[in-house]
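The structure appears right after this line, and notes come after that.
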Amino acid sequence: MDEKLLRRDVLQRGAAGVLAVVGAAACKSAPKALSCADTTSLSAADYQVRTTLAYVDVSTEPGKTCSGCQQFIPGEPGACGSCKVVKGTINPAGYCKSFVAKTT
Ligand code: SF4
């Protein structure tokens with residue numbers, strides 16, 4: 001009886017260990033979505049422009065993203081950029097009503 005309990009205990013702990021390793025590996029490999037939605041440093045006026053132009057961190061308009069807009073100023077690779085119109089951090093995958101497609 002004690003041996004059965006011991007065996008079950010070892011198996012349960014082993015399974016928990018395997019799950020922990022698999023979970024940690026999954027967390028490392030999952031790409032972290034870029035967020036450029038922090039508006040805490042904006043003035044009230046700049047925040048108003050951002051909301052009036054309906055800036056969103058992820059575009060809902062097919063083929064229209066900040067990275068393809070004339071107003072976009074890229075940041076470091078994989079980081080937020082900025083915009084000539086909308087103040088604050090701008091996601092390359094974002095969008096707002098002032099989108100103007102790049103011509104070059
Ligand atoms: S104008 Fe709008 S769509 Fe263009 S880069 Fe700025 S926030 Fe993005």
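To be explicit about the labels: the chains of the structure tokens are called A, B, and onward in the order shown, and within each one the residues are counted from 1, while ligands get numbers from 1 in the order they are shown.
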
Residues of chain A at most 10 Å from ligand 1: nearest atom pair and distance in Å, only C-alpha atoms and all ligand atoms, as a Markdown table:
```
| residue | atom | partner | partner_atom_place_in_ligand_line | distance |
| --- | --- | --- | --- | --- |
| A:Arg50 | CA | ligand 1 | 7 (S) | 7.8 |
| A:Leu53 | CA | ligand 1 | 2 (Fe) | 7.3 |
| A:Ala54 | CA | ligand 1 | 2 (Fe) | 8.5 |
| A:Tyr55 | CA | ligand 1 | 7 (S) | 5.8 |
| A:Val56 | CA | ligand 1 | 7 (S) | 8.0 |
| A:Asp57 | CA | ligand 1 | 7 (S) | 8.9 |
| A:Ser59 | CA | ligand 1 | 3 (S) | 8.6 |
| A:Lys64 | CA | ligand 1 | 3 (S) | 7.4 |
| A:Thr65 | CA | ligand 1 | 3 (S) | 6.0 |
| A:Cys66 | CA | ligand 1 | 8 (Fe) | 3.7 |
| A:Ser67 | CA | ligand 1 | 5 (S) | 6.6 |
| A:Gly68 | CA | ligand 1 | 5 (S) | 7.6 |
| A:Cys69 | CA | ligand 1 | 4 (Fe) | 4.6 |
| A:Gln70 | CA | ligand 1 | 4 (Fe) | 6.3 |
| A:Gln71 | CA | ligand 1 | 5 (S) | 4.6 |
| A:Phe72 | CA | ligand 1 | 5 (S) | 3.7 |
| A:Ile73 | CA | ligand 1 | 5 (S) | 7.2 |
| A:Pro74 | CA | ligand 1 | 5 (S) | 9.1 |
| A:Gly81 | CA | ligand 1 | 5 (S) | 8.6 |
| A:Ser82 | CA | ligand 1 | 5 (S) | 7.2 |
| A:Cys83 | CA | ligand 1 | 6 (Fe) | 4.5 |
| A:Lys84 | CA | ligand 1 | 6 (Fe) | 6.3 |
| A:Val85 | CA | ligand 1 | 1 (S) | 5.4 |
| A:Val86 | CA | ligand 1 | 7 (S) | 5.3 |
| A:Lys87 | CA | ligand 1 | 7 (S) | 8.2 |
| A:Gly88 | CA | ligand 1 | 7 (S) | 9.2 |
| A:Thr89 | CA | ligand 1 | 7 (S) | 9.1 |
| A:Ile90 | CA | ligand 1 | 7 (S) | 6.3 |
| A:Asn91 | CA | ligand 1 | 8 (Fe) | 7.6 |
| A:Pro92 | CA | ligand 1 | 8 (Fe) | 7.4 |
| A:Ala93 | CA | ligand 1 | 8 (Fe) | 8.3 |
| A:Gly94 | CA | ligand 1 | 8 (Fe) | 5.8 |
| A:Tyr95 | CA | ligand 1 | 3 (S) | 4.1 |
| A:Cys96 | CA | ligand 1 | 2 (Fe) | 3.9 |
| A:Lys97 | CA | ligand 1 | 2 (Fe) | 6.0 |
| A:Ser98 | CA | ligand 1 | 1 (S) | 4.5 |
| A:Phe99 | CA | ligand 1 | 3 (S) | 3.8 |
| A:Val100 | CA | ligand 1 | 4 (Fe) | 6.1 |
| A:Ala101 | CA | ligand 1 | 4 (Fe) | 8.0 |
| A:Lys102 | CA | ligand 1 | 4 (Fe) | 9.4 |
```

Can you check which residues of region 27-60 of chain A DSSP gives as helix (DSSP H, G or I) on the backbone and send them as a list in words?
Cys27, Lys28, Ser29, Ala44, Ala45, Asp46, Tyr47, Gln48, Val49, Arg50, Thr51 and Thr52 of chain A

With N, CA and C atoms kept, could you save the residues just selected as a PDB file, in the first residue's frame?
```pdb
ATOM      1  N   CYS A  27       5.945  29.678 -23.348  1.00  0.00           N
ATOM      2  CA  CYS A  27       5.994  31.109 -23.050  1.00  0.00           C
ATOM      3  C   CYS A  27       7.169  31.772 -23.749  1.00  0.00           C
ATOM      4  N   LYS A  28       8.313  31.094 -23.815  1.00  0.00           N
ATOM      5  CA  LYS A  28       9.482  31.675 -24.461  1.00  0.00           C
ATOM      6  C   LYS A  28       9.290  31.803 -25.954  1.00  0.00           C
ATOM      7  N   SER A  29       8.625  30.846 -26.587  1.00  0.00           N
ATOM      8  CA  SER A  29       8.520  30.853 -28.033  1.00  0.00           C
ATOM      9  C   SER A  29       7.367  31.703 -28.546  1.00  0.00           C
ATOM     10  N   ALA A  44      -3.472  66.770 -22.593  1.00  0.00           N
ATOM     11  CA  ALA A  44      -4.900  66.571 -22.869  1.00  0.00           C
ATOM     12  C   ALA A  44      -5.200  66.830 -24.343  1.00  0.00           C
ATOM     13  N   ALA A  45      -4.549  67.846 -24.904  1.00  0.00           N
ATOM     14  CA  ALA A  45      -4.792  68.186 -26.316  1.00  0.00           C
ATOM     15  C   ALA A  45      -4.293  67.071 -27.241  1.00  0.00           C
ATOM     16  N   ASP A  46      -3.086  66.564 -26.946  1.00  0.00           N
ATOM     17  CA  ASP A  46      -2.546  65.484 -27.783  1.00  0.00           C
ATOM     18  C   ASP A  46      -3.393  64.214 -27.653  1.00  0.00           C
ATOM     19  N   TYR A  47      -3.867  63.962 -26.456  1.00  0.00           N
ATOM     20  CA  TYR A  47      -4.734  62.794 -26.246  1.00  0.00           C
ATOM     21  C   TYR A  47      -6.037  62.952 -27.040  1.00  0.00           C
ATOM     22  N   GLN A  48      -6.538  64.195 -27.058  1.00  0.00           N
ATOM     23  CA  GLN A  48      -7.782  64.480 -27.794  1.00  0.00           C
ATOM     24  C   GLN A  48      -7.604  64.202 -29.286  1.00  0.00           C
ATOM     25  N   VAL A  49      -6.465  64.635 -29.834  1.00  0.00           N
ATOM     26  CA  VAL A  49      -6.191  64.383 -31.262  1.00  0.00           C
ATOM     27  C   VAL A  49      -6.141  62.880 -31.511  1.00  0.00           C
ATOM     28  N   ARG A  50      -5.448  62.189 -30.638  1.00  0.00           N
ATOM     29  CA  ARG A  50      -5.298  60.729 -30.801  1.00  0.00           C
ATOM     30  C   ARG A  50      -6.654  60.035 -30.805  1.00  0.00           C
ATOM     31  N   THR A  51      -7.534  60.449 -29.913  1.00  0.00           N
ATOM     32  CA  THR A  51      -8.844  59.795 -29.840  1.00  0.00           C
ATOM     33  C   THR A  51      -9.779  60.273 -30.944  1.00  0.00           C
ATOM     34  N   THR A  52      -9.681  61.560 -31.302  1.00  0.00           N
ATOM     35  CA  THR A  52     -10.536  62.083 -32.381  1.00  0.00           C
ATOM     36  C   THR A  52     -10.225  61.388 -33.710  1.00  0.00           C
TER      37      THR A  52
END
```

Would you work out the distance separating CA of Gly78 (chain A) from CA of Ser43 (chain A), expressed in Å to one decimal?
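So the two atoms, CA of Gly78 (chain A) and CA of Ser43 (chain A), lie 25.9 Å apart.
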
Let's see if you can do this: from backbone DSSP, list all strand (DSSP E) residues in region 37-94 of chain A, as an mmCIF file with N, CA and C atoms, in the first residue's frame.
```cif
data_model
loop_
_atom_site.group_PDB
_atom_site.id
_atom_site.type_symbol
_atom_site.label_atom_id
_atom_site.label_comp_id
_atom_site.auth_asym_id
_atom_site.auth_seq_id
_atom_site.Cartn_x
_atom_site.Cartn_y
_atom_site.Cartn_z
ATOM 1 N N PHE A 72 4.088 58.133 -40.818
ATOM 2 C CA PHE A 72 4.752 57.261 -39.844
ATOM 3 C C PHE A 72 6.259 57.479 -39.817
ATOM 4 N N ILE A 73 6.805 57.527 -38.590
ATOM 5 C CA ILE A 73 8.247 57.626 -38.377
ATOM 6 C C ILE A 73 8.662 56.348 -37.654
ATOM 7 N N SER A 82 6.726 56.626 -34.241
ATOM 8 C CA SER A 82 5.976 57.840 -33.912
ATOM 9 C C SER A 82 5.298 58.328 -35.177
ATOM 10 N N CYS A 83 4.606 59.430 -35.056
ATOM 11 C CA CYS A 83 3.785 59.924 -36.165
ATOM 12 C C CYS A 83 3.870 61.448 -36.214
#
```

Work out how far CA of Ala33 (chain A) is from CA of Ala79 (chain A), in Å to one decimal.
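So the answer is 10.4 Å.
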
If you measure from CA of Thr103 (chain A) to CA of Glu76 (chain A), what distance in Å do you get, rounded to one decimal?
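Separation of CA of Thr103 (chain A) and CA of Glu76 (chain A): 22.2 Å.
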